[in-house]
file run38.csv (CSV, C-alpha atoms)
chain,number,residue,atom,x,y,z
A,1,MET,CA,149.4,-5.9,75.5
A,2,PHE,CA,149.0,-3.4,78.4
A,3,GLU,CA,145.8,-3.2,80.4
A,4,HIS,CA,143.7,-0.1,80.3
A,5,ARG,CA,140.0,0.3,81.2
A,6,ALA,CA,139.3,2.0,77.8
A,7,LEU,CA,140.4,-1.3,76.0
A,8,ARG,CA,138.3,-3.7,78.1
A,9,GLY,CA,136.0,-5.6,75.8
A,10,ILE,CA,137.0,-3.9,72.6
A,11,ARG,CA,140.7,-4.6,71.8
A,12,ASP,CA,139.8,-8.0,70.2
A,13,LEU,CA,136.9,-6.5,68.3
A,14,VAL,CA,138.4,-3.4,66.5
A,15,PRO,CA,141.5,-2.8,64.4
A,16,ILE,CA,144.7,-1.8,66.3
A,17,ARG,CA,147.0,0.6,64.5
A,18,VAL,CA,150.5,1.0,65.7
A,19,THR,CA,152.9,3.9,64.8
A,20,ARG,CA,156.1,5.3,66.3
A,21,ASP,CA,156.3,8.5,68.2
A,22,ARG,CA,158.1,11.0,66.0
A,23,THR,CA,156.8,14.2,67.6
A,24,LEU,CA,158.9,16.9,69.4
A,25,ARG,CA,156.9,19.2,71.6
A,26,VAL,CA,158.3,22.8,71.8
A,27,LYS,CA,157.1,25.3,74.3
A,28,VAL,CA,157.4,28.5,72.2
A,29,ILE,CA,156.0,31.0,74.8
A,30,ASP,CA,154.7,31.0,78.3
A,31,ALA,CA,152.1,33.8,78.0
A,32,CYS,CA,148.5,32.9,78.0
A,33,GLY,CA,145.2,34.8,78.5
A,34,MET,CA,143.3,31.9,79.9
A,35,THR,CA,143.4,30.5,83.5
A,36,CYS,CA,142.5,26.8,83.1
A,37,THR,CA,142.3,25.1,86.4
A,38,PHE,CA,143.8,21.8,85.0
A,39,CYS,CA,146.8,23.4,83.1
A,40,HIS,CA,150.2,21.8,83.6
A,41,ASN,CA,151.9,24.6,81.6
A,42,GLU,CA,154.3,22.0,80.2
A,43,GLY,CA,155.7,21.6,83.7
A,44,THR,CA,157.2,25.1,84.0
A,45,PRO,CA,156.3,28.0,86.3
A,46,VAL,CA,154.0,30.7,85.1
A,47,ALA,CA,156.6,33.3,84.0
A,48,THR,CA,154.5,36.4,84.7
A,49,ASP,CA,154.1,35.3,88.4
A,50,LYS,CA,157.6,34.0,88.9
A,51,HIS,CA,159.9,36.5,87.0
A,52,ALA,CA,161.2,38.0,90.2
A,53,GLN,CA,161.9,34.7,92.0
A,54,ALA,CA,165.1,32.7,92.1
A,55,VAL,CA,165.4,29.2,90.9
A,56,GLY,CA,164.0,26.8,93.5
A,57,GLU,CA,161.6,29.4,95.0
A,58,PHE,CA,158.6,28.7,92.8
A,59,GLY,CA,155.4,28.4,94.8
A,60,ALA,CA,151.7,28.6,94.2
A,61,ALA,CA,149.8,30.4,91.5
A,62,GLY,CA,150.3,34.2,91.6
A,63,ARG,CA,148.2,37.2,90.5
A,64,SER,CA,147.6,36.0,87.0
A,65,GLY,CA,145.3,33.3,88.3
A,66,ARG,CA,147.1,30.7,86.1
A,67,VAL,CA,148.3,27.4,87.4
A,68,SER,CA,151.0,24.8,86.7
A,69,ILE,CA,149.5,21.8,88.5
A,70,TYR,CA,152.7,19.9,89.2
A,71,LEU,CA,154.9,22.9,90.2
A,72,ALA,CA,154.9,22.2,94.0
A,73,THR,CA,156.6,18.9,93.6
A,74,ASN,CA,158.2,18.7,90.1
A,75,GLY,CA,161.5,20.3,90.9
A,76,ALA,CA,161.4,22.9,88.1
A,77,ARG,CA,164.6,24.8,88.0
A,78,PHE,CA,164.0,27.5,85.3
A,79,VAL,CA,161.3,29.7,83.9
A,80,ALA,CA,160.5,29.2,80.2
A,81,ALA,CA,161.3,32.1,77.9
A,82,PRO,CA,160.0,32.6,74.3
A,83,VAL,CA,161.7,30.7,71.5
A,84,PHE,CA,162.9,32.7,68.6
A,85,PRO,CA,163.3,31.7,64.9
A,86,ASP,CA,167.1,32.0,65.0
A,87,ASP,CA,170.1,29.8,64.3
A,88,MET,CA,170.2,28.4,67.8
A,89,PHE,CA,166.6,27.1,67.4
A,90,ARG,CA,167.4,25.8,64.0
A,91,ALA,CA,170.4,23.9,65.4
A,92,ALA,CA,168.3,22.5,68.2
A,93,LEU,CA,165.7,21.2,65.8
A,94,ARG,CA,168.3,19.7,63.6
A,95,GLU,CA,170.2,18.0,66.4
A,96,LEU,CA,167.2,16.4,67.9
A,97,ARG,CA,165.9,15.3,64.5
A,98,ASP,CA,169.1,13.6,63.8
A,99,ALA,CA,169.4,12.0,67.2
A,100,LEU,CA,165.9,10.7,67.6
A,101,GLY,CA,164.3,10.8,64.2
A,102,PHE,CA,161.7,13.4,64.9
A,103,ALA,CA,159.4,14.3,61.9
A,104,GLU,CA,156.8,16.6,63.5
A,105,VAL,CA,157.1,19.7,65.7
A,106,HIS,CA,154.1,20.4,67.9
A,107,LEU,CA,154.1,24.0,69.3
A,108,THR,CA,152.7,24.6,72.7
A,109,GLY,CA,152.8,27.2,75.4
A,110,GLY,CA,151.3,29.1,77.2
A,111,GLU,CA,149.3,30.1,74.1
A,112,PRO,CA,151.4,29.9,70.9
A,113,THR,CA,149.2,32.3,68.9
A,114,LEU,CA,150.4,35.1,71.2
A,115,HIS,CA,154.0,34.7,69.9
A,116,PRO,CA,154.5,37.5,67.4
A,117,ASN,CA,157.1,35.5,65.4
A,118,LEU,CA,155.0,32.3,65.2
A,119,PRO,CA,154.8,32.2,61.4
A,120,SER,CA,158.6,32.5,61.2
A,121,ILE,CA,159.0,29.6,63.8
A,122,VAL,CA,156.6,27.5,61.6
A,123,ALA,CA,158.6,28.3,58.5
A,124,LEU,CA,162.0,27.5,60.1
A,125,ALA,CA,160.6,24.1,61.3
A,126,ARG,CA,159.4,23.3,57.9
A,127,GLU,CA,162.8,24.2,56.4
A,128,GLU,CA,164.3,21.6,58.7
A,129,GLY,CA,161.9,18.9,57.4
A,130,TYR,CA,159.3,18.9,60.1
A,131,SER,CA,155.6,19.0,59.7
A,132,VAL,CA,154.1,21.5,62.2
A,133,GLY,CA,151.1,21.4,64.5
A,134,ILE,CA,149.9,23.7,67.3
A,135,THR,CA,147.7,23.4,70.4
A,136,SER,CA,145.8,26.7,70.8
A,137,ASN,CA,142.9,28.2,72.7
A,138,GLY,CA,142.4,30.5,69.7
A,139,GLU,CA,142.7,33.8,71.4
A,140,ASN,CA,144.9,35.4,68.7
A,141,GLY,CA,144.5,32.9,65.9
A,142,ALA,CA,142.4,34.9,63.5
A,143,LYS,CA,145.2,37.5,63.2
A,144,ILE,CA,148.2,35.1,62.9
A,145,PHE,CA,146.9,31.9,61.2
A,146,PRO,CA,146.9,33.3,57.6
A,147,ASP,CA,150.6,33.9,57.8
A,148,CYS,CA,151.2,30.6,59.7
A,149,ALA,CA,149.3,28.8,56.9
A,150,LYS,CA,151.5,30.4,54.3
A,151,ALA,CA,154.5,29.3,56.3
A,152,GLY,CA,153.4,25.7,56.2
A,153,LEU,CA,151.3,25.1,59.4
A,154,GLY,CA,149.6,21.7,59.0
A,155,ARG,CA,147.1,21.5,61.8
A,156,VAL,CA,145.7,23.2,64.9
A,157,ASN,CA,144.3,21.4,67.9
A,158,PHE,CA,142.0,23.9,69.5
A,159,SER,CA,141.3,23.7,73.2
A,160,ILE,CA,137.6,24.4,73.6
A,161,PHE,CA,136.1,25.0,77.0
A,162,GLY,CA,132.5,26.1,76.6
A,163,THR,CA,129.8,27.6,74.4
A,164,SER,CA,128.8,30.2,76.9
A,165,PRO,CA,130.5,32.5,79.5
A,166,GLU,CA,129.1,30.3,82.2
A,167,GLU,CA,130.6,27.1,80.7
A,168,LEU,CA,133.9,28.8,80.2
A,169,ALA,CA,133.9,29.8,83.9
A,170,GLN,CA,133.6,26.2,84.9
A,171,VAL,CA,137.2,25.5,84.1
A,172,GLN,CA,138.7,28.9,84.7
A,173,ASN,CA,140.0,30.9,87.6
A,174,ASP,CA,137.8,33.5,89.3
A,175,ARG,CA,138.8,36.2,86.8
A,176,TYR,CA,136.6,34.5,84.2
A,177,ARG,CA,133.5,35.2,86.2
A,178,SER,CA,133.4,38.3,84.0
A,179,SER,CA,130.8,37.6,81.4
A,180,SER,CA,132.2,40.2,78.9
A,181,LEU,CA,135.7,38.8,79.1
A,182,ALA,CA,134.6,35.2,78.7
A,183,THR,CA,132.4,36.2,75.7
A,184,ARG,CA,135.3,37.8,74.0
A,185,LYS,CA,137.4,34.7,74.5
A,186,ILE,CA,134.7,32.5,73.0
A,187,GLN,CA,134.2,34.9,70.0
A,188,ALA,CA,138.0,34.9,69.4
A,189,LEU,CA,138.0,31.1,69.4
A,190,GLU,CA,135.2,30.9,66.9
A,191,GLN,CA,136.9,33.4,64.6
A,192,SER,CA,140.2,31.4,64.8
A,193,ILE,CA,138.5,28.2,63.9
A,194,GLU,CA,136.8,29.9,60.9
A,195,VAL,CA,140.1,31.5,59.7
A,196,ALA,CA,142.1,28.3,60.1
A,197,THR,CA,139.5,26.3,58.1
A,198,GLU,CA,139.4,28.9,55.4
A,199,GLU,CA,143.2,28.8,55.1
A,200,GLY,CA,143.2,25.0,54.6
A,201,VAL,CA,144.8,24.2,58.0
A,202,GLY,CA,143.6,20.9,59.5
A,203,VAL,CA,141.4,21.7,62.5
A,204,SER,CA,140.5,19.5,65.5
A,205,ALA,CA,139.2,20.3,69.0
A,206,ASN,CA,140.5,19.1,72.4
A,207,VAL,CA,137.9,19.0,75.1
A,208,VAL,CA,139.0,18.1,78.7
A,209,ILE,CA,136.5,16.4,81.0
A,210,PRO,CA,137.5,16.7,84.6
A,211,ASP,CA,134.4,15.0,86.1
A,212,HIS,CA,130.7,14.2,85.6
A,213,SER,CA,129.6,17.9,86.1
A,214,HIS,CA,131.3,18.7,82.7
A,215,VAL,CA,129.5,16.0,80.6
A,216,GLN,CA,126.6,18.2,79.6
A,217,ARG,CA,129.1,20.9,78.6
A,218,VAL,CA,130.7,18.5,76.1
A,219,HIS,CA,127.3,17.6,74.7
A,220,ARG,CA,126.7,21.3,74.0
A,221,LEU,CA,130.1,21.6,72.5
A,222,LEU,CA,129.4,18.7,70.1
A,223,ASP,CA,126.2,20.4,69.0
A,224,ARG,CA,127.9,23.8,68.5
A,225,TYR,CA,131.0,22.7,66.7
A,226,SER,CA,130.1,19.4,65.0
A,227,SER,CA,130.1,20.8,61.5
A,228,GLN,CA,133.5,22.6,61.8
A,229,VAL,CA,135.9,20.4,63.7
A,230,SER,CA,136.8,16.9,64.6
A,231,LEU,CA,136.5,16.3,68.3
A,232,ARG,CA,139.1,14.7,70.6
A,233,VAL,CA,138.1,14.2,74.3
A,234,LEU,CA,140.9,14.2,76.8
A,235,SER,CA,140.9,13.0,80.4
A,236,SER,CA,142.1,15.4,83.1
A,237,LEU,CA,145.4,14.2,84.5
A,238,ALA,CA,144.7,15.8,87.9
A,239,ASP,CA,141.3,14.2,88.3
A,240,GLY,CA,142.2,10.6,87.5
A,241,ASP,CA,139.3,8.1,87.7
A,242,ARG,CA,136.7,10.8,88.1
A,243,SER,CA,137.6,12.1,84.7
A,244,LEU,CA,137.7,8.6,83.2
A,245,ASP,CA,134.2,7.8,84.7
A,246,ALA,CA,132.9,11.0,83.1
A,247,ILE,CA,134.3,10.0,79.7
A,248,ASP,CA,132.5,6.6,80.0
A,249,GLN,CA,129.3,8.4,80.8
A,250,LEU,CA,129.7,10.7,77.8
A,251,LEU,CA,130.3,7.7,75.4
A,252,ALA,CA,127.3,5.9,76.8
A,253,ASP,CA,125.1,9.0,76.4
A,254,LEU,CA,126.3,9.3,72.8
A,255,ARG,CA,125.8,5.6,72.0
A,256,ALA,CA,129.4,5.6,70.7
A,257,GLU,CA,130.7,2.5,69.1
A,258,PRO,CA,134.5,1.8,69.1
A,259,GLN,CA,136.1,1.8,65.6
A,260,GLU,CA,139.9,1.7,66.0
A,261,VAL,CA,142.6,1.8,68.6
A,262,HIS,CA,145.7,3.8,67.7
A,263,LEU,CA,148.8,3.0,69.8
A,264,ILE,CA,151.9,5.1,69.5
A,265,ALA,CA,155.1,3.3,70.3
A,266,GLY,CA,157.3,5.4,72.5
A,267,THR,CA,154.7,7.6,74.1
A,268,SER,CA,152.1,7.0,76.8
A,269,GLY,CA,149.3,8.7,74.9
A,270,PHE,CA,146.9,6.5,72.8
A,271,ARG,CA,143.6,7.1,71.1
A,272,VAL,CA,140.4,5.3,70.6
A,273,ALA,CA,138.1,6.3,67.7
A,274,TYR,CA,134.4,6.0,68.2
A,275,ARG,CA,131.5,6.3,65.6
A,276,LEU,CA,128.3,8.0,66.7
A,277,PRO,CA,124.9,6.9,65.4
A,278,GLY,CA,124.8,9.8,62.9
A,279,GLY,CA,128.2,8.7,61.4
A,280,ARG,CA,130.4,11.3,63.1
A,281,VAL,CA,133.7,10.1,64.5
A,282,ILE,CA,135.1,11.3,67.8
A,283,LYS,CA,138.4,10.3,69.4
A,284,VAL,CA,139.2,9.8,73.1
A,285,LYS,CA,142.8,10.3,74.2
A,286,HIS,CA,144.0,8.2,77.1
A,287,ILE,CA,147.3,7.7,79.0
A,288,ARG,CA,148.8,4.3,79.4
A,289,PRO,CA,151.4,3.3,82.0
A,290,LEU,CA,154.5,3.6,79.9
A,291,ARG,CA,157.8,4.2,81.6
A,292,LEU,CA,161.4,4.6,80.5
A,293,PRO,CA,163.0,1.3,81.6
A,294,GLU,CA,166.0,2.9,83.4
A,295,THR,CA,165.2,6.5,84.1
A,296,CYS,CA,161.7,5.9,85.6
A,297,VAL,CA,162.5,2.8,87.6
A,298,SER,CA,163.6,4.5,90.8
A,299,CYS,CA,161.3,7.6,90.5
A,300,ARG,CA,159.3,8.4,93.6
A,301,PHE,CA,156.2,8.8,91.4
A,302,ASN,CA,156.6,5.4,89.7
A,303,ASN,CA,153.4,3.8,90.9
A,304,PRO,CA,149.9,3.6,89.4
A,305,THR,CA,148.6,6.5,91.5
A,306,ASP,CA,151.3,9.2,91.4
A,307,CYS,CA,152.6,8.9,87.9
A,308,GLN,CA,149.8,10.6,85.9
A,309,GLU,CA,151.3,11.1,82.4
A,310,GLY,CA,153.9,8.3,82.2
A,311,TYR,CA,156.6,8.8,79.5
A,312,TYR,CA,154.8,11.1,77.1
A,313,GLY,CA,157.7,12.2,74.9
A,314,VAL,CA,160.4,14.8,74.5
A,315,ARG,CA,159.8,18.5,75.2
A,316,LEU,CA,162.1,21.4,74.3
A,317,TYR,CA,162.3,24.6,76.3
A,318,ARG,CA,164.3,27.8,76.2
A,319,ASP,CA,165.3,29.6,79.4
A,320,PRO,CA,165.8,33.4,79.8
A,321,LYS,CA,169.5,33.1,79.2
A,322,GLY,CA,169.0,31.4,75.8
A,323,THR,CA,169.8,27.9,76.8
A,324,PHE,CA,167.7,25.1,75.4
A,325,HIS,CA,166.6,22.4,77.8
A,326,VAL,CA,165.2,19.0,77.0
A,327,GLY,CA,162.6,17.4,79.3
A,328,VAL,CA,161.2,13.9,79.5
A,329,CYS,CA,158.5,14.4,82.3
A,330,ILE,CA,156.4,17.3,83.4
A,331,GLN,CA,156.2,15.7,86.9
A,332,ARG,CA,160.0,15.5,87.1
A,333,MET,CA,161.3,18.7,85.7
A,334,ASP,CA,164.5,18.1,87.7
A,335,LEU,CA,165.3,15.6,84.9
A,336,CYS,CA,165.6,18.4,82.4
A,337,LEU,CA,169.0,18.7,80.8
A,338,PRO,CA,170.6,21.4,78.6
A,339,LEU,CA,170.4,20.2,75.0
A,340,ASP,CA,174.1,19.4,74.6
A,341,GLN,CA,174.1,17.3,77.7
A,342,PHE,CA,170.9,15.5,76.8
A,343,LEU,CA,172.3,14.5,73.4
A,344,ASP,CA,175.3,12.9,75.0
A,345,SER,CA,173.2,11.4,77.9
A,346,ALA,CA,172.1,7.8,78.4
A,347,VAL,CA,168.5,9.1,78.4
A,348,CYS,CA,168.7,10.0,74.8
A,349,SER,CA,169.8,6.5,73.7
A,350,GLU,CA,167.3,5.0,76.2
A,351,ILE,CA,164.4,6.8,74.5
A,352,SER,CA,165.5,5.5,71.0
A,353,LYS,CA,165.9,1.9,72.2
A,354,MET,CA,162.6,1.9,74.1
A,355,ARG,CA,160.7,3.3,71.2
A,356,GLU,CA,161.9,0.6,68.9
A,357,GLN,CA,161.3,-2.2,71.5
A,358,GLU,CA,157.8,-0.8,72.1
A,359,PHE,CA,157.0,-0.9,68.4
A,360,HIS,CA,158.2,-4.5,68.1
A,361,ASP,CA,156.2,-5.5,71.2
A,362,LEU,CA,153.0,-3.7,70.2
A,363,THR,CA,153.1,-5.2,66.7
A,364,ALA,CA,154.1,-8.7,67.7

call {"tool": "encode", "arguments": {"input": "run38.csv", "output": "structure tokens"}}
result
Amino acid sequence: MFEHRALRGIRDLVPIRVTRDRTLRVKVIDACGMTCTFCHNEGTPVATDKHAQAVGEFGAAGRSGRVSIYLATNGARFVAAPVFPDDMFRAALRELRDALGFAEVHLTGGEPTLHPNLPSIVALAREEGYSVGITSNGENGAKIFPDCAKAGLGRVNFSIFGTSPEELAQVQNDRYRSSSLATRKIQALEQSIEVATEEGVGVSANVVIPDHSHVQRVHRLLDRYSSQVSLRVLSSLADGDRSLDAIDQLLADLRAEPQEVHLIAGTSGFRVAYRLPGGRVIKVKHIRPLRLPETCVSCRFNNPTDCQEGYYGVRLYRDPKGTFHVGVCIQRMDLCLPLDQFLDSAVCSEISKMREQEFHDLTA
């Protein structure tokens, strides 16, 4: 069993559940109305800032105020364009499902609810046998979730940043110093949560904790949303141990008791469920040091400090020319391959073999 500070003292005391990673992450749109300071933007440049730049010329954040935290070093070679519910997307889903046994599509961005064809994308994925989830900040969910629910949307992971304009500003670029704008974003999120719940969509909340200064913000979020959503706390990849220390403080403050460890063979992400004194359960998502045994071995980031996400899974992108690309690391976007090349590559078979070996090792 791998070592991780979150497992110290608990892994022999609580049940450990092991499943296989069957999730394909699809970046359906780059647009977003938020400017989160920790955003990796799925490894790609912010399209509104980079549309006039040539491949290889991507630099720092532009006028939008949005960031893509690995952009300076990840070798990104394309800007992501919107995915459309067409035959090319259907073929991509089908080919990746058949090659790697994917059973879930998780739609990301940018902000997926800003995609005008999101219900059709959900419906197409369901037709191809996938369950469908979304990560969303909720800025347009109240308008689009009813149709998404009818199309078969199963769950939404809401990214929640604050209960007040001041709290929202803590994790946003300067433009969110505007109290009126931040207030509208918070109201839109609350309406989206309400609509998704009414439509029968599974609802959870993702809360990122960069450091100790954000712990009280999470306490207030718990108080505000405890009756509506299940909470999942995430560490900030860019903040490393500072973020993990803050999560430890939060759990101590809450007197949280570990209940279960969920390991997912074939992905670096794992979860620990905790029960609070009042009976509520929260989950903490961590990253473990998982690597692809061949692709990652010679990577310049392959050390405990620089490799922040490890091998997290497969991501699908579409570029402005309509070509689909498959990525395996947001810190190494130079590893992205056009879909047809990926399917014939050694990396594709490496992922399948590694996932099965992982499942065997974790359950042994």

call {"tool": "residues_around", "arguments": {"input": "run38.csv", "residues": "A:Leu71", "least_positions_apart": "2", "cutoff": "7 Å", "atoms": "only C-alpha atoms", "output": "mmCIF file with C-alpha atoms, in the coordinates of the input"}}
result
data_model
loop_
_atom_site.group_PDB
_atom_site.id
_atom_site.type_symbol
_atom_site.label_atom_id
_atom_site.label_comp_id
_atom_site.auth_asym_id
_atom_site.auth_seq_id
_atom_site.Cartn_x
_atom_site.Cartn_y
_atom_site.Cartn_z
ATOM 1 C CA GLY A 43 155.700 21.600 83.700
ATOM 2 C CA THR A 44 157.200 25.100 84.000
ATOM 3 C CA PRO A 45 156.300 28.000 86.300
ATOM 4 C CA SER A 68 151.000 24.800 86.700
ATOM 5 C CA ILE A 69 149.500 21.800 88.500
ATOM 6 C CA THR A 73 156.600 18.900 93.600
ATOM 7 C CA ASN A 74 158.200 18.700 90.100
ATOM 8 C CA ALA A 76 161.400 22.900 88.100
#

call {"tool": "closest_residue", "arguments": {"input": "run38.csv", "among": "A:Arg63, A:Arg217, A:Arg77, A:Arg5", "to": "A:Tyr317", "atoms": "only C-alpha atoms"}}
result
A:Arg77

call {"tool": "closest_residue", "arguments": {"input": "run38.csv", "among": "A:Asp174, A:Asp344, A:Asp239, A:Glu111", "to": "A:Phe158", "atoms": "only C-alpha atoms"}}
result
A:Glu111

call {"tool": "atom_distance", "arguments": {"input": "run38.csv", "atom1": "atom CA of A:Phe301", "atom2": "atom CA of A:Gly240"}}
result
14.6 Å

call {"tool": "axis_aligned_box", "arguments": {"input": "run38.csv", "around": "stretch 196-206 of chain A", "padding_each_side": "5 Å", "output": "lines of an AutoDock Vina configuration file"}}
result
center_x = 142.0
center_y = 24.0
center_z = 63.5
size_x = 15.6
size_y = 19.8
size_z = 27.8

call {"tool": "closest_residue", "arguments": {"input": "run38.csv", "among": "A:Ala91, A:Ala142, A:Leu263, A:Cys148", "to": "A:Ile193", "atoms": "all atoms listed in the file"}}
result
A:Ala142

call {"tool": "closest_residue", "arguments": {"input": "run38.csv", "among": "A:Ser64, A:Ser213, A:Ser178, A:Ser236", "to": "A:Asp49", "atoms": "only C-alpha atoms"}}
result
A:Ser64

call {"tool": "closest_residue", "arguments": {"input": "run38.csv", "among": "A:His4, A:Arg275, A:Lys285, A:His106", "to": "A:Arg25", "atoms": "all atoms listed in the file"}}
result
A:His106

call {"tool": "residues_around", "arguments": {"input": "run38.csv", "residues": "A:Pro293", "least_positions_apart": "5", "cutoff": "10 Å", "atoms": "all atoms listed in the file", "output": "list in words"}}
result
Ser298, Glu350, Ile351, Lys353 and Met354 of chain A

call {"tool": "atom_distance", "arguments": {"input": "run38.csv", "atom1": "atom CA of A:Ala81", "atom2": "atom CA of A:Cys307"}}
result
26.7 Å

call {"tool": "build_atoms", "arguments": {"input": "run38.csv", "residues": "stretch 118-137 of chain A", "atoms": "N, CA and C atoms", "output": "PDB file, in the coordinates of the input"}}
result
ATOM      1  N   LEU A 118     155.418  33.682  65.419  1.00  0.00           N
ATOM      2  CA  LEU A 118     155.000  32.300  65.200  1.00  0.00           C
ATOM      3  C   LEU A 118     155.087  31.867  63.741  1.00  0.00           C
ATOM      4  N   PRO A 119     154.687  32.683  62.748  1.00  0.00           N
ATOM      5  CA  PRO A 119     154.800  32.200  61.400  1.00  0.00           C
ATOM      6  C   PRO A 119     156.297  31.926  60.995  1.00  0.00           C
ATOM      7  N   SER A 120     157.229  32.709  61.507  1.00  0.00           N
ATOM      8  CA  SER A 120     158.600  32.500  61.200  1.00  0.00           C
ATOM      9  C   SER A 120     159.123  31.175  61.884  1.00  0.00           C
ATOM     10  N   ILE A 121     158.609  30.890  63.067  1.00  0.00           N
ATOM     11  CA  ILE A 121     159.000  29.600  63.800  1.00  0.00           C
ATOM     12  C   ILE A 121     158.442  28.453  62.949  1.00  0.00           C
ATOM     13  N   VAL A 122     157.207  28.561  62.453  1.00  0.00           N
ATOM     14  CA  VAL A 122     156.600  27.500  61.600  1.00  0.00           C
ATOM     15  C   VAL A 122     157.495  27.304  60.365  1.00  0.00           C
ATOM     16  N   ALA A 123     157.850  28.416  59.707  1.00  0.00           N
ATOM     17  CA  ALA A 123     158.600  28.300  58.500  1.00  0.00           C
ATOM     18  C   ALA A 123     159.994  27.686  58.722  1.00  0.00           C
ATOM     19  N   LEU A 124     160.642  28.041  59.824  1.00  0.00           N
ATOM     20  CA  LEU A 124     162.000  27.500  60.100  1.00  0.00           C
ATOM     21  C   LEU A 124     161.850  25.964  60.353  1.00  0.00           C
ATOM     22  N   ALA A 125     160.832  25.539  61.098  1.00  0.00           N
ATOM     23  CA  ALA A 125     160.600  24.100  61.300  1.00  0.00           C
ATOM     24  C   ALA A 125     160.388  23.350  60.047  1.00  0.00           C
ATOM     25  N   ARG A 126     159.617  23.943  59.158  1.00  0.00           N
ATOM     26  CA  ARG A 126     159.400  23.300  57.900  1.00  0.00           C
ATOM     27  C   ARG A 126     160.639  23.183  57.057  1.00  0.00           C
ATOM     28  N   GLU A 127     161.469  24.207  57.114  1.00  0.00           N
ATOM     29  CA  GLU A 127     162.800  24.200  56.400  1.00  0.00           C
ATOM     30  C   GLU A 127     163.639  23.024  56.891  1.00  0.00           C
ATOM     31  N   GLU A 128     163.483  22.659  58.152  1.00  0.00           N
ATOM     32  CA  GLU A 128     164.300  21.600  58.700  1.00  0.00           C
ATOM     33  C   GLU A 128     163.607  20.208  58.554  1.00  0.00           C
ATOM     34  N   GLY A 129     162.559  20.165  57.757  1.00  0.00           N
ATOM     35  CA  GLY A 129     161.900  18.900  57.400  1.00  0.00           C
ATOM     36  C   GLY A 129     160.842  18.413  58.326  1.00  0.00           C
ATOM     37  N   TYR A 130     160.367  19.270  59.220  1.00  0.00           N
ATOM     38  CA  TYR A 130     159.300  18.900  60.100  1.00  0.00           C
ATOM     39  C   TYR A 130     157.928  19.287  59.581  1.00  0.00           C
ATOM     40  N   SER A 131     156.921  18.469  59.835  1.00  0.00           N
ATOM     41  CA  SER A 131     155.600  19.000  59.700  1.00  0.00           C
ATOM     42  C   SER A 131     155.274  19.702  61.053  1.00  0.00           C
ATOM     43  N   VAL A 132     154.293  20.612  61.042  1.00  0.00           N
ATOM     44  CA  VAL A 132     154.100  21.500  62.200  1.00  0.00           C
ATOM     45  C   VAL A 132     152.637  21.511  62.610  1.00  0.00           C
ATOM     46  N   GLY A 133     152.414  21.299  63.905  1.00  0.00           N
ATOM     47  CA  GLY A 133     151.100  21.400  64.500  1.00  0.00           C
ATOM     48  C   GLY A 133     151.148  22.343  65.698  1.00  0.00           C
ATOM     49  N   ILE A 134     149.980  22.805  66.133  1.00  0.00           N
ATOM     50  CA  ILE A 134     149.900  23.700  67.300  1.00  0.00           C
ATOM     51  C   ILE A 134     148.705  23.322  68.130  1.00  0.00           C
ATOM     52  N   THR A 135     148.864  23.464  69.439  1.00  0.00           N
ATOM     53  CA  THR A 135     147.700  23.400  70.400  1.00  0.00           C
ATOM     54  C   THR A 135     147.412  24.873  70.742  1.00  0.00           C
ATOM     55  N   SER A 136     146.151  25.279  70.589  1.00  0.00           N
ATOM     56  CA  SER A 136     145.800  26.700  70.800  1.00  0.00           C
ATOM     57  C   SER A 136     144.414  26.848  71.374  1.00  0.00           C
ATOM     58  N   ASN A 137     144.249  27.871  72.208  1.00  0.00           N
ATOM     59  CA  ASN A 137     142.900  28.200  72.700  1.00  0.00           C
ATOM     60  C   ASN A 137     142.249  29.243  71.744  1.00  0.00           C
TER      61      ASN A 137
END
